[in-house]
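Q: Got a structure for you, target.cif, holding mmCIF, C-alpha atoms and all ligand atoms.
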```
data_protein
#
loop_
_atom_site.label_atom_id
_atom_site.label_comp_id
_atom_site.auth_asym_id
_atom_site.auth_seq_id
_atom_site.Cartn_x
_atom_site.Cartn_y
_atom_site.Cartn_z
CA MET A 256 2.31 -30.71 9.99
CA LYS A 257 4.21 -29.03 7.16
CA LYS A 258 3.80 -25.25 7.04
CA PRO A 259 2.28 -23.87 3.82
CA ARG A 260 4.81 -22.17 1.53
CA LEU A 261 4.07 -18.48 1.06
CA ASP A 262 5.87 -16.28 -1.48
CA ILE A 263 5.63 -12.51 -0.95
CA MET A 264 6.56 -10.74 -4.18
CA LEU A 265 7.69 -7.12 -4.05
CA PRO A 266 7.45 -5.63 -7.55
CA VAL A 267 10.30 -3.14 -8.10
CA TYR A 268 12.24 -1.23 -10.76
CA TYR A 269 15.23 1.14 -10.54
CA GLY A 270 13.02 4.01 -9.28
CA ASN A 271 12.42 2.02 -6.09
CA LEU A 272 16.13 1.46 -5.32
CA LEU A 273 16.22 3.64 -2.20
CA GLU A 274 13.04 2.19 -0.70
CA ILE A 275 13.92 -1.50 -0.93
CA ALA A 276 16.22 -2.13 2.07
CA GLY A 277 14.00 -0.27 4.56
CA SER A 278 10.81 -1.90 3.31
CA VAL A 279 12.31 -5.41 3.44
CA ALA A 280 13.70 -4.86 6.97
CA LYS A 281 10.33 -3.65 8.23
CA GLN A 282 8.53 -6.59 6.66
CA LYS A 283 10.98 -9.17 7.99
CA ALA A 284 10.64 -7.86 11.54
CA PHE A 285 6.86 -8.11 11.30
CA TYR A 286 6.64 -11.50 9.56
CA GLU A 287 8.93 -13.17 12.12
CA ASN A 288 5.96 -13.45 14.54
CA ALA A 289 2.95 -12.60 12.41
CA LEU A 290 3.65 -15.26 9.76
CA SER A 291 5.11 -17.96 12.00
CA GLU A 292 2.49 -20.42 10.65
CA TYR A 293 3.97 -20.12 7.15
CA ASP A 294 7.20 -21.05 5.46
CA TRP A 295 7.55 -17.59 3.90
CA ARG A 296 9.94 -15.98 1.45
CA ILE A 297 10.28 -12.45 0.17
CA VAL A 298 10.96 -12.27 -3.57
CA LEU A 299 12.05 -8.99 -5.14
CA ALA A 300 10.30 -9.12 -8.51
CA VAL A 301 12.54 -6.82 -10.55
CA ASN A 302 11.29 -5.57 -13.93
CA GLY A 303 12.79 -3.65 -16.84
CA PRO A 304 16.19 -3.50 -18.55
CA LYS A 305 19.33 -2.13 -16.84
CA GLN A 306 18.39 -3.13 -13.29
CA GLN A 307 21.92 -4.11 -12.20
CA LYS A 308 21.92 -1.94 -9.06
CA VAL A 309 18.57 -3.32 -7.91
CA ILE A 310 19.75 -6.89 -8.51
CA GLU A 311 23.03 -6.26 -6.64
CA LEU A 312 21.04 -4.96 -3.68
CA ALA A 313 18.68 -7.95 -3.82
CA GLU A 314 21.68 -10.29 -3.86
CA SER A 315 23.26 -8.63 -0.85
CA LEU A 316 19.97 -8.86 1.08
CA GLY A 317 19.80 -12.54 0.11
CA ARG A 318 23.29 -13.15 1.49
CA GLU A 319 22.14 -11.81 4.88
CA ASP A 320 18.95 -13.89 4.90
CA GLU A 321 18.26 -16.82 2.61
CA ARG A 322 14.54 -16.13 2.75
CA ILE A 323 15.15 -13.07 0.56
CA ARG A 324 15.23 -14.01 -3.13
CA TRP A 325 15.02 -12.12 -6.39
CA ASN A 326 13.68 -12.61 -9.87
CA HIS A 327 14.23 -10.45 -12.96
CA VAL A 328 12.36 -9.93 -16.21
CA SER A 329 13.58 -7.39 -18.77
CA ILE A 330 10.09 -6.51 -20.06
CA PRO A 331 9.20 -3.35 -18.08
CA GLY A 332 6.07 -2.86 -15.97
CA LYS A 333 4.74 -3.78 -12.56
CA GLY A 334 2.53 -6.49 -14.07
CA SER A 335 5.46 -7.97 -15.94
CA GLY A 336 7.47 -8.41 -12.73
CA ILE A 337 4.61 -9.97 -10.76
CA ILE A 338 3.45 -12.30 -13.54
CA HIS A 339 7.01 -13.50 -14.14
CA ALA A 340 7.71 -14.08 -10.45
CA TRP A 341 4.37 -15.78 -9.71
CA SER A 342 4.71 -18.01 -12.77
CA GLY A 343 8.09 -19.26 -11.60
CA SER A 344 6.93 -20.00 -8.05
CA ASP A 345 5.92 -23.37 -6.62
CA ALA A 346 4.50 -21.90 -3.39
CA ASP A 347 1.08 -22.85 -1.97
CA ILE A 348 0.15 -19.17 -1.70
CA MET A 349 1.48 -16.31 -3.83
CA SER A 350 1.09 -12.68 -2.94
CA TYR A 351 2.47 -9.24 -3.62
CA MET A 352 2.49 -5.78 -2.15
CA ASP A 353 3.81 -2.40 -3.24
CA ILE A 354 7.31 -1.69 -1.95
CA ASP A 355 6.25 1.68 -0.50
CA LEU A 356 3.97 -0.11 2.00
CA SER A 357 1.09 2.26 1.31
CA THR A 358 -1.05 -0.58 2.63
CA ASP A 359 -0.23 -1.23 6.29
CA ILE A 360 1.34 -4.71 6.62
CA LYS A 361 -0.67 -5.41 9.77
CA ASP A 362 -3.47 -6.57 7.43
CA PHE A 363 -1.27 -9.03 5.55
CA PRO A 364 -1.82 -12.16 7.73
CA VAL A 365 -5.60 -11.88 7.23
CA LEU A 366 -5.12 -11.36 3.49
CA VAL A 367 -3.15 -14.59 3.06
CA SER A 368 -5.25 -16.62 5.51
CA ARG A 369 -8.18 -16.31 3.10
CA ILE A 370 -6.29 -18.32 0.47
CA ARG A 371 -5.66 -21.00 3.09
CA GLU A 372 -9.41 -21.03 3.72
CA GLY A 373 -9.98 -21.87 0.06
CA TYR A 374 -10.50 -18.59 -1.81
CA ASP A 375 -8.79 -18.22 -5.19
CA ILE A 376 -8.00 -14.50 -4.84
CA SER A 377 -7.79 -12.33 -1.73
CA ILE A 378 -7.47 -8.57 -2.21
CA GLY A 379 -7.05 -5.52 -0.03
CA SER A 380 -9.94 -3.14 -0.70
CA ARG A 381 -9.91 0.56 -0.01
CA TYR A 382 -13.67 0.52 -0.57
CA HIS A 383 -14.36 -1.97 2.23
CA PRO A 384 -16.50 -0.25 4.91
CA ASP A 385 -13.86 -1.02 7.58
CA SER A 386 -10.92 0.39 5.61
CA SER A 387 -9.22 3.68 6.39
CA VAL A 388 -7.79 5.64 3.47
CA THR A 389 -5.64 8.77 3.40
CA ARG A 390 -5.05 10.31 -0.01
CA SER A 391 -5.19 13.48 -2.05
CA LEU A 392 -8.47 14.79 -3.45
CA LYS A 393 -7.24 14.36 -7.03
CA ARG A 394 -6.40 10.66 -6.54
CA ARG A 395 -9.63 10.16 -4.61
CA ILE A 396 -11.70 11.49 -7.52
CA VAL A 397 -9.83 9.52 -10.20
CA SER A 398 -10.09 6.33 -8.13
CA PHE A 399 -13.79 6.88 -7.44
CA MET A 400 -14.55 7.37 -11.14
CA TYR A 401 -12.63 4.25 -12.06
CA HIS A 402 -13.97 1.94 -9.34
CA LYS A 403 -17.53 3.18 -8.95
CA LEU A 404 -18.26 3.88 -12.61
CA PHE A 405 -15.87 2.30 -15.10
CA MET A 406 -15.15 -0.95 -13.24
CA LYS A 407 -18.80 -1.51 -12.36
CA ILE A 408 -20.48 -0.38 -15.58
CA VAL A 409 -17.94 -1.25 -18.28
CA LEU A 410 -16.27 -4.25 -16.67
CA GLY A 411 -19.37 -5.37 -14.74
CA ALA A 412 -17.43 -6.12 -11.53
CA LYS A 413 -19.66 -7.86 -8.99
CA THR A 414 -17.51 -9.70 -6.47
CA TYR A 415 -14.81 -7.05 -5.90
CA THR A 416 -14.79 -3.30 -5.28
CA ASP A 417 -11.08 -2.39 -5.60
CA GLY A 418 -9.15 -3.43 -8.68
CA GLN A 419 -5.95 -1.58 -8.03
CA CYS A 420 -4.88 -1.88 -4.40
CA GLY A 421 -1.29 -3.18 -4.40
CA PHE A 422 -2.01 -5.88 -1.83
CA LYS A 423 -3.16 -9.24 -3.16
CA ALA A 424 -2.78 -12.98 -2.61
CA VAL A 425 -3.69 -15.82 -4.97
CA SER A 426 -3.82 -19.60 -5.14
CA PRO A 427 -1.72 -21.64 -7.62
CA ARG A 428 -4.94 -22.17 -9.62
CA ILE A 429 -4.94 -18.45 -10.54
CA VAL A 430 -1.36 -18.67 -11.74
CA ARG A 431 -2.14 -21.77 -13.81
CA GLU A 432 -5.53 -20.81 -15.24
CA VAL A 433 -5.89 -17.02 -15.17
CA LEU A 434 -2.40 -15.51 -15.64
CA PRO A 435 -1.89 -17.09 -19.10
CA LEU A 436 -4.95 -15.10 -20.24
CA VAL A 437 -3.71 -11.76 -18.88
CA ARG A 438 -2.23 -9.50 -21.58
CA ASN A 439 -1.38 -6.24 -19.81
CA ARG A 440 2.09 -6.04 -18.23
CA SER A 441 1.77 -2.63 -16.63
CA TRP A 442 -0.82 -1.08 -14.26
CA PHE A 443 -4.02 -2.55 -15.71
CA PHE A 444 -2.90 -6.15 -15.18
CA GLU A 445 -4.51 -6.33 -11.69
CA SER A 446 -7.93 -5.26 -12.96
CA GLU A 447 -7.58 -7.63 -15.90
CA MET A 448 -6.73 -10.55 -13.62
CA LEU A 449 -9.79 -9.88 -11.44
CA TYR A 450 -12.09 -9.48 -14.43
CA ILE A 451 -10.95 -12.78 -15.98
CA ALA A 452 -11.11 -14.60 -12.62
CA GLU A 453 -14.68 -13.41 -12.07
CA ARG A 454 -15.67 -14.49 -15.59
CA LEU A 455 -14.20 -17.94 -14.92
CA LYS A 456 -16.22 -18.10 -11.67
CA MET A 457 -13.22 -18.10 -9.35
CA SER A 458 -13.84 -16.98 -5.78
CA ILE A 459 -12.68 -13.51 -4.78
CA THR A 460 -12.67 -12.16 -1.22
CA GLU A 461 -11.84 -8.68 0.08
CA VAL A 462 -10.16 -7.63 3.31
CA PRO A 463 -10.20 -4.15 4.86
CA VAL A 464 -6.94 -2.19 4.77
CA SER A 465 -5.34 0.94 6.21
CA TRP A 466 -4.01 2.79 3.20
CA THR A 467 -1.86 5.92 3.14
CA GLU A 468 -0.78 7.50 -0.12
CA SER A 469 2.99 7.90 -0.19
CA GLU A 470 4.58 11.21 -1.14
CA PHE A 471 6.28 9.74 -4.18
CA SER A 472 4.28 8.27 -7.03
CA GLY A 473 5.92 6.75 -10.10
CA ILE A 474 2.63 6.78 -12.00
CA SER A 475 1.85 9.28 -14.73
CA LEU A 476 -1.85 9.71 -13.97
CA TYR A 477 -2.95 10.82 -17.43
CA ARG A 478 -1.04 8.05 -19.16
CA ALA A 479 -2.54 5.54 -16.71
CA ILE A 480 -6.09 6.80 -17.30
CA TRP A 481 -5.61 6.36 -21.06
CA GLU A 482 -4.19 2.85 -20.49
CA PHE A 483 -7.22 1.91 -18.39
CA ILE A 484 -9.76 3.21 -20.93
CA ARG A 485 -8.01 1.48 -23.84
CA CYS A 486 -7.41 -1.82 -22.06
CA GLY A 487 -10.78 -1.77 -20.24
CA PHE A 488 -12.84 -1.51 -23.41
CA GLY A 489 -10.59 -4.02 -25.18
CA LEU A 490 -11.13 -6.49 -22.33
CA ARG A 491 -14.89 -5.94 -22.23
CA PHE A 492 -15.21 -7.08 -25.82
CA ARG A 493 -12.77 -9.98 -25.57
CA ARG A 494 -14.00 -13.55 -25.39
CA ILE A 495 -12.62 -15.13 -22.23
CA GLN A 496 -12.07 -18.84 -22.65
CA LYS A 497 -10.38 -21.20 -20.24
CA GLY A 498 -7.32 -22.86 -21.66
CA ARG A 499 -6.65 -20.19 -24.30
CA THR A 500 -3.67 -17.93 -23.84
CA GLY A 501 -3.97 -14.16 -23.81
CA GLN A 502 -1.11 -13.64 -26.25
N1 LIG B 601 6.35 3.38 -10.94
C1 LIG B 601 6.65 2.09 -11.03
N2 LIG B 601 6.34 1.31 -9.98
C2 LIG B 601 6.64 -0.01 -10.08
C3 LIG B 601 7.26 -0.55 -11.25
N3 LIG B 601 7.44 -1.86 -11.05
C4 LIG B 601 6.96 -2.14 -9.86
N4 LIG B 601 6.47 -1.04 -9.23
C5 LIG B 601 5.78 -1.04 -7.96
O1 LIG B 601 4.54 -0.38 -8.15
C6 LIG B 601 4.17 0.19 -6.92
C7 LIG B 601 3.12 1.26 -7.15
O2 LIG B 601 3.71 2.37 -7.76
P1 LIG B 601 3.63 3.78 -7.06
O3 LIG B 601 4.57 4.65 -7.79
O4 LIG B 601 3.82 3.61 -5.58
O5 LIG B 601 2.12 4.16 -7.41
P2 LIG B 601 0.97 4.77 -6.51
O6 LIG B 601 1.09 4.18 -5.14
O7 LIG B 601 -0.31 4.36 -7.18
O8 LIG B 601 1.20 6.24 -6.53
C8 LIG B 601 5.48 0.64 -6.32
O9 LIG B 601 5.39 0.76 -4.93
C9 LIG B 601 6.40 -0.50 -6.71
O10 LIG B 601 6.32 -1.51 -5.74
C10 LIG B 601 7.59 0.29 -12.34
O11 LIG B 601 8.13 -0.14 -13.36
N5 LIG B 601 7.25 1.61 -12.18
MG MG B 602 2.53 3.90 -3.96
#
```
As structure tokens, how would this structure be written, given the file I've shared?

A:
Amino acid sequence: MKKPRLDIMLPVYYGNLLEIAGSVAKQKAFYENALSEYDWRIVLAVNGPKQQKVIELAESLGREDERIRWNHVSIPGKGSGIIHAWSGSDADIMSYMDIDLSTDIKDFPVLVSRIREGYDISIGSRYHPDSSVTRSLKRRIVSFMYHKLFMKIVLGAKTYTDGQCGFKAVSPRIVREVLPLVRNRSWFFESEMLYIAERLKMSITEVPVSWTESEFSGISLYRAIWEFIRCGFGLRFRRIQKGRTGQ
């Protein structure tokens, strides 16, 4: 039987340059056995202008192993890179994870197996009772306020508890029917995708993860909080209709 095609997108910009080679090598070594049931590829989803060095590195990794590909979109933002790469993929399962591997890759095979079982979206959740999470008190408080208050009360989330864990897999149906409605191209895009998917009655499942905050963070927390408040309220009062684009 033909193996399902699995694309693993790694969203990156120039700030991730030094992390890429090590992260890809670690993933390849793990996937060799752990994902032997899949025809998998790693796609570096590069975003933002002036990314020549990142693209050159991606090309050299691709010369060593043809399963390593790259994709570039000049509009900056993590969401921009993932949306562009997913939209151009013809895989049976699409996924992504943060390049810093804050989420332990040992949980990845379970994450993607859920899409094979028929779910539309499978997400890593740091609020799953079986998850283990190491992070600073400040990030813990901000995350708690977002997920336990804002996401539940303002966005009315019912079928998912973690909007922002950089560890997700989706079916082609999500790319076809949900992504065209997603407007945000930065950090909020993940929460927006889940909100729209839930409204359109798509099935969402959560897997436990081991999550360790990395020393480096490229996020400006205050700017991100403002983005989430602005976009969250905007989304809450938007009419979500299948077949209409978000633009
Ligand atoms: N900061 C930043 N991260 C990006 C961008 N594009 C993709 N990423 C990815 O976003 C992930 C999460 O960002 P990170 O700085 O680790 O945030 P944190 O883990 O929430 O502190 C990174 O690991 C990259 O894989 C970008 O333009 N800026
Ligand atoms: Mg990180």

Q: Give the padded box for range 466-478 of chain A as lines of an AutoDock Vina configuration file: axis-aligned, covering all atoms listed in the file, 8 Å on each side, centre and edge lengths in Å to one decimal.

A:
```
center_x = 1.1
center_y = 7.0
center_z = -8.0
size_x = 26.3
size_y = 24.4
size_z = 38.4
```

Q: All residues within 8 Å of ligand LIG 601 (chain B) are required, counting all atoms listed in the file; please report them as number ranges by chain.

A: A: 265-271, 300-303, 331-334, 336, 352-357, 421, 441, 468-469, 471-474

Q: Closest to ligand MG 602 (chain B) among A:Ser350, A:Thr467, A:Asn439, A:Ser458, using only C-alpha atoms and all ligand atoms?

A: A:Thr467

Q: CA of Thr414 in chain A to CA of Asp359 in chain A: how many Å, to one decimal?

A: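 Answer for the CA of Thr414 in chain A to CA of Asp359 in chain A separation: 23.1 Å.
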
Q: So that I can see what lies close to Phe363 in chain A, please list as a ChimeraX atom specification the residues with an atom at most 12 Å from it, counting only C-alpha atoms and leaving out residues fewer than 4 positions away in the same chain.

A: /A:261,263,282,285-286,289-290,350-352,356,358-359,367-370,377-379,421-424,461-465

Q: Selected residues, C-alpha atoms, written as a PDB file, in the frame of the given file, please.

A:
```
ATOM      1  CA  LEU A 261       4.070 -18.480   1.060  1.00  0.00           C
ATOM      2  CA  ILE A 263       5.630 -12.510  -0.950  1.00  0.00           C
ATOM      3  CA  GLN A 282       8.530  -6.590   6.660  1.00  0.00           C
ATOM      4  CA  PHE A 285       6.860  -8.110  11.300  1.00  0.00           C
ATOM      5  CA  TYR A 286       6.640 -11.500   9.560  1.00  0.00           C
ATOM      6  CA  ALA A 289       2.950 -12.600  12.410  1.00  0.00           C
ATOM      7  CA  LEU A 290       3.650 -15.260   9.760  1.00  0.00           C
ATOM      8  CA  SER A 350       1.090 -12.680  -2.940  1.00  0.00           C
ATOM      9  CA  TYR A 351       2.470  -9.240  -3.620  1.00  0.00           C
ATOM     10  CA  MET A 352       2.490  -5.780  -2.150  1.00  0.00           C
ATOM     11  CA  LEU A 356       3.970  -0.110   2.000  1.00  0.00           C
ATOM     12  CA  THR A 358      -1.050  -0.580   2.630  1.00  0.00           C
ATOM     13  CA  ASP A 359      -0.230  -1.230   6.290  1.00  0.00           C
ATOM     14  CA  VAL A 367      -3.150 -14.590   3.060  1.00  0.00           C
ATOM     15  CA  SER A 368      -5.250 -16.620   5.510  1.00  0.00           C
ATOM     16  CA  ARG A 369      -8.180 -16.310   3.100  1.00  0.00           C
ATOM     17  CA  ILE A 370      -6.290 -18.320   0.470  1.00  0.00           C
ATOM     18  CA  SER A 377      -7.790 -12.330  -1.730  1.00  0.00           C
ATOM     19  CA  ILE A 378      -7.470  -8.570  -2.210  1.00  0.00           C
ATOM     20  CA  GLY A 379      -7.050  -5.520  -0.030  1.00  0.00           C
ATOM     21  CA  GLY A 421      -1.290  -3.180  -4.400  1.00  0.00           C
ATOM     22  CA  PHE A 422      -2.010  -5.880  -1.830  1.00  0.00           C
ATOM     23  CA  LYS A 423      -3.160  -9.240  -3.160  1.00  0.00           C
ATOM     24  CA  ALA A 424      -2.780 -12.980  -2.610  1.00  0.00           C
ATOM     25  CA  GLU A 461     -11.840  -8.680   0.080  1.00  0.00           C
ATOM     26  CA  VAL A 462     -10.160  -7.630   3.310  1.00  0.00           C
ATOM     27  CA  PRO A 463     -10.200  -4.150   4.860  1.00  0.00           C
ATOM     28  CA  VAL A 464      -6.940  -2.190   4.770  1.00  0.00           C
ATOM     29  CA  SER A 465      -5.340   0.940   6.210  1.00  0.00           C
TER      30      SER A 465
END
```

Q: Just how far from CA of Arg485 in chain A is CA of Lys456 in chain A, in Å to one decimal?

A: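 Going from CA of Lys456 in chain A over to CA of Arg485 in chain A covers 24.5 Å.
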
Q: Measure the distance from CA of Lys413 in chain A to CA of His339 in chain A in Å and round it to one decimal.

A: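 Pair CA of Lys413 in chain A / CA of His339 in chain A returns 27.7 Å.
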
Q: Point out the residue among A:Phe405, A:Tyr450, A:Trp442, A:Trp325 with the least atom-to-atom distance to ligand MG 602 (chain B), counting all atoms listed in the file.

A: A:Trp442

Q: Do a neighbour search on Phe443 in chain A at 10 Å with all atoms listed in the file, toss out local chain neighbours closer than 6 positions, and write the hits as a ChimeraX atom specification.

A: /A:333-334,418-419,437,479-480,482-487

Q: Considering all atoms listed in the file, state which residue in the set A:Arg394, A:Arg428, A:Arg371, A:Arg438 is at the smallest distance from ligand MG 602 (chain B).

A: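 With all atoms listed in the file as the atom set, the closest residue is A:Arg394.
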
Q: Quick one: of A:Ser380, A:Arg478, A:Ser342, A:Arg493, who's nearest to Glu432 in chain A, counting all atoms listed in the file?

A: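 The shortest atom-to-atom distance to Glu432 in chain A comes from A:Ser342.
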